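Inspection log for the structure reproduced underneath, given as structure tokens.
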Amino acid sequence: MLKMMESLPLLATGILNILLGAYVIYENPKKALNLGLFFFALGASGWILSLWATINFPPALWVSKITFISPLVIVAFLAFFVYELEPKSFSRSLLAPVFILAAPSVFIILVLVNKVVTSVGIRNNHIINTYGSAYPFYGMLVLGYILGSLFYLLYKYHKAHGVDVLRLKYALLGLALMLIPSVITNLILPLVFKAQNFNTVGPISATFMVILMTYAIVRYHLLEIWVVVRMGVIFSLVFAAISFVYIVIVASVSQYTGLGYIYSLILSSLVITLTFEPLKQFIEKATDRIFFHKHYNFNNVIEELTSTIHTASLDLERLLKIFNEIVKSTFKVSEAEFAVLTSKDTFLASSDSKKDIELSPNNPLIEFLKMNEGFILNRDEIIHELERDRVRLKVVHIDLLPAAYEELVKLDFTLAIPISSDSQMIAIYFIGAKSSNDLFTTEDLRLLDHLTSEAGVLINNARLYGDLKKLDEAKSNFISVVSHQLRTPLSAVRWSTELLLDGTVDLKAQKEFLKDTYKNSLFVIERLDDMLTALDVEDKNLELKKEPCRLRPLIDEIVKENEFLVHSKKIDLTINLEPGSDTVECDTKKMKKMLEVLLNNAFWYVPESGGSVTLAGQKRVYGNEPFLEISVSDNGIGVSPDEQRYMFEKFFRGEAAKRMSPNGFGLGLFIVRAFARAHGGDAHFESAGRGKGAKFYFTVKREEEKKTHA
């Protein structure tokens, strides 16, 4: 009964190995990696349970043979497992598994024919074996396979990158936890010192590798590898120290006092109990000081970011640059980029970015991140999930995951972190791989999640400040422009009226003064009309008087009104209305206003000589709805990237536009968008940048076609 109780840990460990092996094979029975670990676990359980049976039942040679066959199974499938951990960059040989399993298979036969062990017995509660002629070669084979697997792992670890680094770390850690105790207690002690008192330690240590690798295969992306490595090293050192103390105490007490095994066990247990915690703390401090320097402190990074940001202005480009420098320094990454939401609903990297990043709204990466707010897209985690038969990530629209992963690979980043404000994704933070090729840990991701939340506030505040600054500048400019533009024509009206009232000018001059007065009055009325229209838009008080409208007469009328400007600047004007796009049901006055704004802007902002303007009309279908699209393209001043998001806002005028044409309220494009939306469409523009021309276009719904289709 006493022997049964003492060997109970062996029985429990053997059953645990069987359960772990069954779980691994259940996870994916078709994967070679899982098969390798399954047979490794079976070998470990066979080794453990055969020892347990030998201790608790009359010794039998066939049970002892299982004890010696099991390590062969373990080392064979350990080597097979290591081979299947091969990174994708390594070439594979189909014959390699055959060669790996060949030598252990030969020694299994030698065990069966009594060339390795010839008899077994029990002496003082310890298993005593009589070895055959092949036993030394058996020991060398087992040791050789273990060391070969270890060195091969180290070689591949040096060559590996990304997710392969994580896999190999687990294998190295598990192999170390198995190697140190097993080699000492089951090979060196029996072969060199003829000591067989500790032959139950080796099988139990093999369980550590099974546990670790099971977790690594099933859920390794959730485990903090540096915590595991650290604890593994600490455990191995503590285990080695305790084993040494245990062996010394038991051997000394047994040899010099004659108290026997039970009293030696009690005494050694008492010593170990009293010294375990101080020994563990000492080894923890030593390993942390030598091997596991902390790369960063969570709170210190937050404080550094806060203090640095507070000393900077609300300039968005500068803020993002400071943020990137802190992230690069903290995580030792070579690349970190923000892609910020633009007025065109695209995500664009900053102007000083090393990569040309502009992602459209229908990009799979954008769609996936919008649907999974707060989810960090981790390239190494995703590749692990995609290798599985079933993906376990709790995300919306899992079907978008492969395409999102491919986009991340194309951009050559490791992480994509969405940044939101008021339930809208306003930016994406891309981070490259660590310089060490280590993966981002749970603590890394937690810190990055916190930092990007702060970045969202920074971006939002900087953009609000920029908007307010632009608005303030626009209003100041508006007051200045209004006072200048209205004062000048009103002063001319007053001066002409005074001369007419004076009665000193002849009839011909009177007509000229009247024409000037009329012209200036129209100018003032048009500007005031724009202002009143803008107010109506704000009050959502636009009224449409729809009627069939032909576009060509409206276009010709606008061109005639600008005839002098077109000829003086030698503008090459092209009008291309495709068949069926000349007539649309709309508010004629508002249609003319939209055409007038786009054409007048193009005429004013093309070069003084050699300007080119193209007006095109096309029928379009968006979302199964018929539309008419009118576009005006030119080779003029274009729109700079930092001004593009403001183009359709009230009172905004670009710097280049103000220099070329001082007159203007900055209301034209605002009115165009409002009128287009009132007609069921919208207004947009495209420009490659300052000095590279622009294309402005608006759409209106083709109601008559919709009725015809109905």
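Residue numbering restarts at 1 in every chain; chains get A, B, ... in the order shown in the structure tokens, and ligands count up from 1 in that same order.
Within 10 Å of range 554-559 of chain A, once only C-alpha atoms are used and residues closer than 3 positions along the same chain are dropped, the contacting residues are Cys549, Arg550, Leu551, Asn562, Glu563, Phe564, Leu565, Val566, Leu573, Ile575, Thr588, Lys589, Met591, Lys592, Lys593, Leu595, Glu596, Val597, Leu599, Asn600, Phe603 and Leu615 of chain A.
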* Pick out each residue of range 355-429 of chain A that DSSP on the backbone tags as strand (DSSP E or B); I need them as an NGL selection string. => :A and (358-359 or 377-378 or 415-421 or 424-429)
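As for CA of Lys344 in chain A and CA of Ser640 in chain A, they are spaced 13.6 Å apart.
Around range 518-535 of chain A, within 9 Å and counting only C-alpha atoms, the residues found are A:Val482, A:Gln485, A:Leu486, A:Thr488, A:Pro489, A:Leu490, A:Ala492, A:Val493, A:Asn541, A:Leu542, A:Lys650, A:Gly664, A:Phe665, A:Leu667, A:Gly668, A:Phe670, A:Ile671, A:Ala674, once anything fewer than 6 positions away on its own chain is removed.
With distances restricted to only C-alpha atoms, A:Ser633 is the closest residue to Lys692 in chain A from A:Val82, A:Val395, A:Ser633, A:Lys560.
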* **Nearest residue to Leu411 in chain A from the set A:Leu365, A:Pro59, A:Arg446, A:Gln424 (distances using only C-alpha atoms)** => A:Leu365
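Closest approach to Gly638 in chain A among A:Phe685, A:Tyr155, A:Phe57, A:Phe323 is made by A:Phe685 (distances from only C-alpha atoms).
One distance worth recording is that between CA of Trp62 in chain A and CA of Ile180 in chain A, which is 28.1 Å.
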Find the spatial neighbours of Lys569 in chain A, counting only C-alpha atoms, within a cut-off of 7 Å - ignore same-chain residues fewer than 4 positions away - and output them as a tab-separated table (two decimals) with all heavy atoms, in the first residue's frame.
```tsv
chain	number	residue	atom	x	y	z
A	565	LEU	N	-12.35	85.75	-71.08
A	565	LEU	CA	-11.36	85.04	-70.27
A	565	LEU	C	-10.83	83.81	-71.02
A	565	LEU	O	-9.63	83.53	-71.01
A	565	LEU	CB	-11.99	84.62	-68.94
A	565	LEU	CG	-11.07	83.96	-67.91
A	565	LEU	CD1	-9.96	84.91	-67.50
A	565	LEU	CD2	-11.87	83.52	-66.68
A	608	GLU	N	-1.96	80.90	-67.41
A	608	GLU	CA	-2.27	82.10	-68.20
A	608	GLU	C	-2.22	81.83	-69.69
A	608	GLU	O	-2.84	82.54	-70.48
A	608	GLU	CB	-1.30	83.23	-67.83
A	608	GLU	CG	-1.51	83.83	-66.46
A	608	GLU	CD	-2.89	84.44	-66.32
A	608	GLU	OE1	-3.39	85.04	-67.29
A	608	GLU	OE2	-3.48	84.32	-65.23
A	609	SER	N	-1.47	80.83	-70.09
A	609	SER	CA	-1.41	80.46	-71.51
A	609	SER	C	-1.30	78.94	-71.60
A	609	SER	O	-0.52	78.32	-70.87
A	609	SER	CB	-0.20	81.12	-72.18
A	609	SER	OG	-0.13	80.76	-73.55
A	611	GLY	N	-3.91	76.76	-71.20
A	611	GLY	CA	-4.80	76.05	-70.29
A	611	GLY	C	-5.68	75.05	-71.04
A	611	GLY	O	-5.99	75.22	-72.22
```
* For Lys332 in chain A, work out the shell of residues within 6 Å, counting only C-alpha atoms and skipping chain neighbours fewer than 4 positions away, then give it as a ChimeraX atom specification. => /A:328,434-435
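When CA of Ile146 in chain A is paired with CA of Tyr26 in chain A, their separation reads 26.7 Å.
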